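**Q** Supplied in structure tokens, the structure appears directly below.
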Amino acid sequence: MNIVHPLAKLLVKRPKTVLIVYTIITIIIGLQVRNVYMQADLATFLPKDDPTLQLWTKINEEFQIGSTIIIYVEADDIRDPYVLREMDRISTKINTYELDKGKTDGVFSVTSIAQLIKQENAKPPLPKNLGGTGVFQIPDDPQLINTYLARLQAMQGVLFLNTFDVAVIVFQLSDEADYYQILENVKAAIGKEARYSTMTITGSYAMQQAMRDQNLRSLSIVFPLAAIGVAGSLFFFHRTLKGLIIGFMPLAYAILLTFGVLGTIQPEMTILSIAVIALLLGLGVDYSIYLANRFAEEHDVSDKITRVERTLGLTGKAVFLCAFTTIIGFGSLMTSSMPPMVTFGFGCAIGIFFVFISAIILVPCLCIILHFEKHETNHHWKRFAAVLVDNRKRLFAISCFFIVLSLLVLPQIKTDVNYFDMAPQGIPEVEKLLEYSEKFGTGANFNALYIETNIQGLTYPEVIEAIYEMEEEIRSVGGSAYSIADEIKKVNDVLERSKIIETIAEFLGVSTIILDKIARQGLVDEQYSKTFIVVSFPAGTSVETLEKLIDRVNDIAENAVIPQNGRVSRLAGQDVVTVEINKQIMSSQATSLFIALLLVLACLIIGFNSIGIGFLTLLPVLVVLAWEPGALVMFDIPLSIINITVASIMIGTGIDYSIQTTQRVREEIAKGVPKTEAVKTMIETTGWSLVGAAATTCMALLSTFAVGIPALHQFSIVVITLIGFSFVASLCILPSLLTSRFIK
């Protein structure tokens, strides 16, 4: 009490001054929220020293795999001169300096059928229609266009479809390019020029940028909706505007402080950041509810300093323990090897810290300034409390029965890392990338096998034959494959070294289209010793199937015999990253969970100064974690990079309910009240606060359904369900434990 007394005296004597000073500090820090930005690259979920990323970096450095922006063109007939001309006009507007290789405008090259037709038309006239007209432009004659397209059959399925209703324009970007500005320029050009066709920007970079923009817009949607939901819950439970203000103001300060700090020291955010907003809105108001309700309960104490001192010294102690254990729960995510998990854990941890500080400082000040009082009794809840106490043993037995059922379905839990589930629904860039990958016969992601031989090794027929045979094996197991061997086989039915050298030379330094990735140095190095096979899998393939396909491809690569001392790497690329993340999900959750439980238990033992009470307080949380497998299987929700955080979240939030109930029972027992009556009083008073706390958290999370992100919906469903479980465990399991012989 001695430590709390000076703070209580300051808050009671100078409430307005404290409020003003805290507001100024919050505004200064909160201004840094402008630095926050979104990241949507799935590769960020793996550490930089991961072998998968290191191999991809090696391939990228060797062949300079550049990023691209793709325009997906749809028209009744792409051979229409008007369609071809508008494709050409857009290309020219973006690639303003065609010969600078991206040094000035950031565009290394542009490839489209419009460009290729112009090149064919620019050829000098030759007999038998083998040349052109000698003019570098799109011809008006449809027959001439058809003739040129017949010469460009190698580009069918790459730049256009044989149905002649879909084509693509591929902009290859330089490393130093301002990708975002070029993307905006492309959007502006399409908006102005596209009259005879429908054009949509796509490609992995465009998709990631669209996801970032949409996620930021989602934050602006989720925040006000969550705030309205929380406000509605507060008003329902307090029935006064004063209660609404006291519950909500500390939360608003805490969120501004949290994102201000993040904007200063860790501004990169992911889709999980949307969940941070909803969680803080839901969890943050709990502490204010506990403190405000306790302040109202102490209405018999006439001296306000003593009243605030009792509120902070008793309920405040429990709130401190709640905050500390919740910070540990979220902080355990920082042990993950996945950087976004670390960021999420850090954001939630400092968020809870500011929620606690804001509640401790602002709630007493607001209660004093607003003359907050609350005397009504909920008689229905009192009768419900009596039922819970009378049936506590039966409820405990039922809870144990459901634990057994849940653990039995544990092997049925699935893990899945579906990148497109993380994308907001209705984004054209995402939908067209899937459509592009399906219609052009390749997957939506880029993967590659890196091949090394002796110098000039790729010029030997037996090497090309071996690479081609390896590709055939890959195709037979369900993947698609493409390499220099395919191009050589197209030209030479019978492989001869002189013809191989001649063909390979054509692919040195030539831009080669590979979905939305392009090798600037061609498919081979200058010494004819290194190349790669592009491997892709059908779009939308489940992560379990992907893992099997990748394993099959790796087996093929490992067993391949390439002459000239040939060596084939394991597969690297975006699908491989997805599978690696999926493998780490379970181990990552297990590690963070174990660390969180140990630290929380240590805090409970120290906070309650009792090993027995520490264990009993943690037991309801363990019960909720045991119920989690049942919830996941019941809703058919897999563990993903989004809801992997749920277990740590439930430790942080579920322990709050246990701490509040245990602390109140101990207070009543200390007064000489029998244990059964102490538990009943706890349910009548603290139990009602828990109802309000759980309701506000659930209402905040419901706001995430306003944004079309399937993975976020799954996250909210699981968290809301487990919050309900935590509430049930605190009122149905703890009463049996707290009336046992372990509590004295």
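Chain labels run A, B, ... following the order of the structure tokens; each chain numbers its residues from 1, and ligands are numbered from 1 in the order shown.
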Looking only at helix (DSSP H, G or I) from DSSP on the backbone, list the matching residues of region 566-652 of chain A as a count of residues only.
**A** 69
**Q** Write out as a list in words the residues lying within 7 Å of Gly345 (chain A), counting only C-alpha atoms and excluding same-chain residues fewer than 4 positions away.
**A**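 Here the qualifying residues turn out to be Phe330, Gly331, Leu333, Met334, Met341 and Ala349 of chain A.
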**Q** I'd like the contact shell of Ile683 (chain A) - 10 Å cut-off, only C-alpha atoms, skipping same-chain residues fewer than 4 positions apart - returned as a list in words.
**A**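 With the cut-off at 10 Å, the set is Trp381, Lys382, Phe384, Ala385, Ala386, Leu388, Val389, Thr661, Arg664, Val665, Glu677, Ala678, Val679, Gly687, Trp688, Ser689, Leu690, Ser730, Leu731 and Pro735 of chain A.
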**Q** Keeping only C-alpha atoms, write the selected residues to a file as a PDB file, in the first residue's frame.
**A**
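Ended up saving to selection28.pdb:
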```pdb
ATOM      1  CA  TRP A 381     -26.366 -12.757 -12.413  1.00  0.00           C
ATOM      2  CA  LYS A 382     -26.448 -13.400  -8.655  1.00  0.00           C
ATOM      3  CA  PHE A 384     -26.538 -17.602 -11.969  1.00  0.00           C
ATOM      4  CA  ALA A 385     -23.560 -17.362  -9.601  1.00  0.00           C
ATOM      5  CA  ALA A 386     -25.386 -19.534  -7.084  1.00  0.00           C
ATOM      6  CA  LEU A 388     -22.363 -22.245 -10.746  1.00  0.00           C
ATOM      7  CA  VAL A 389     -21.207 -22.683  -7.158  1.00  0.00           C
ATOM      8  CA  THR A 661     -10.924 -14.604  -9.960  1.00  0.00           C
ATOM      9  CA  ARG A 664     -10.801 -11.809  -5.457  1.00  0.00           C
ATOM     10  CA  VAL A 665     -11.336 -15.170  -3.751  1.00  0.00           C
ATOM     11  CA  GLU A 677     -19.122 -17.959  -0.054  1.00  0.00           C
ATOM     12  CA  ALA A 678     -15.890 -16.316  -1.209  1.00  0.00           C
ATOM     13  CA  VAL A 679     -16.210 -18.028  -4.616  1.00  0.00           C
ATOM     14  CA  GLY A 687     -17.421 -12.552 -12.634  1.00  0.00           C
ATOM     15  CA  TRP A 688     -19.658  -9.832 -14.044  1.00  0.00           C
ATOM     16  CA  SER A 689     -16.578  -7.789 -14.932  1.00  0.00           C
ATOM     17  CA  LEU A 690     -15.228 -10.826 -16.778  1.00  0.00           C
ATOM     18  CA  SER A 730     -12.593 -19.324 -15.054  1.00  0.00           C
ATOM     19  CA  LEU A 731     -16.169 -19.694 -13.803  1.00  0.00           C
ATOM     20  CA  PRO A 735     -14.639 -22.631  -8.428  1.00  0.00           C
TER      21      PRO A 735
END
```
**Q** When you draw a straight line from CA of Ser399 (chain A) to CA of Val387 (chain A), how long is it in Å?
**A**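 Computing the Euclidean distance for CA of Ser399 (chain A) and CA of Val387 (chain A) yields 16.2 Å.
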**Q** Ranking A:Thr653, A:Thr503, A:Thr696, A:Ser288 by minimum distance to Leu234 (chain A) and counting only C-alpha atoms, which one comes first?
**A**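 Using only C-alpha atoms, the shortest distance to Leu234 (chain A) belongs to A:Thr696.
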**Q** Which residues, written as a PyMOL selection string, have at least one atom at most 8 Å from Arg307 (chain A), with only C-alpha atoms counted and residues fewer than 6 positions away on the same chain left out?
**A** chain A and resi 295+298-299+301
**Q** Tell me, as a ChimeraX atom specification, which residues lie within 9 Å of Phe705 (chain A), counting only C-alpha atoms; anything in the same chain fewer than 6 positions away does not count.
**A** /A:222,712-713,716
**Q** For Val230 (chain A), which of A:Ser703, A:Ser174, A:Thr264, A:Gln209 is the closest residue, counting only C-alpha atoms?
**A**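 Checking each of A:Ser703, A:Ser174, A:Thr264, A:Gln209 against Val230 (chain A), counting only C-alpha atoms, the winner is A:Ser703.
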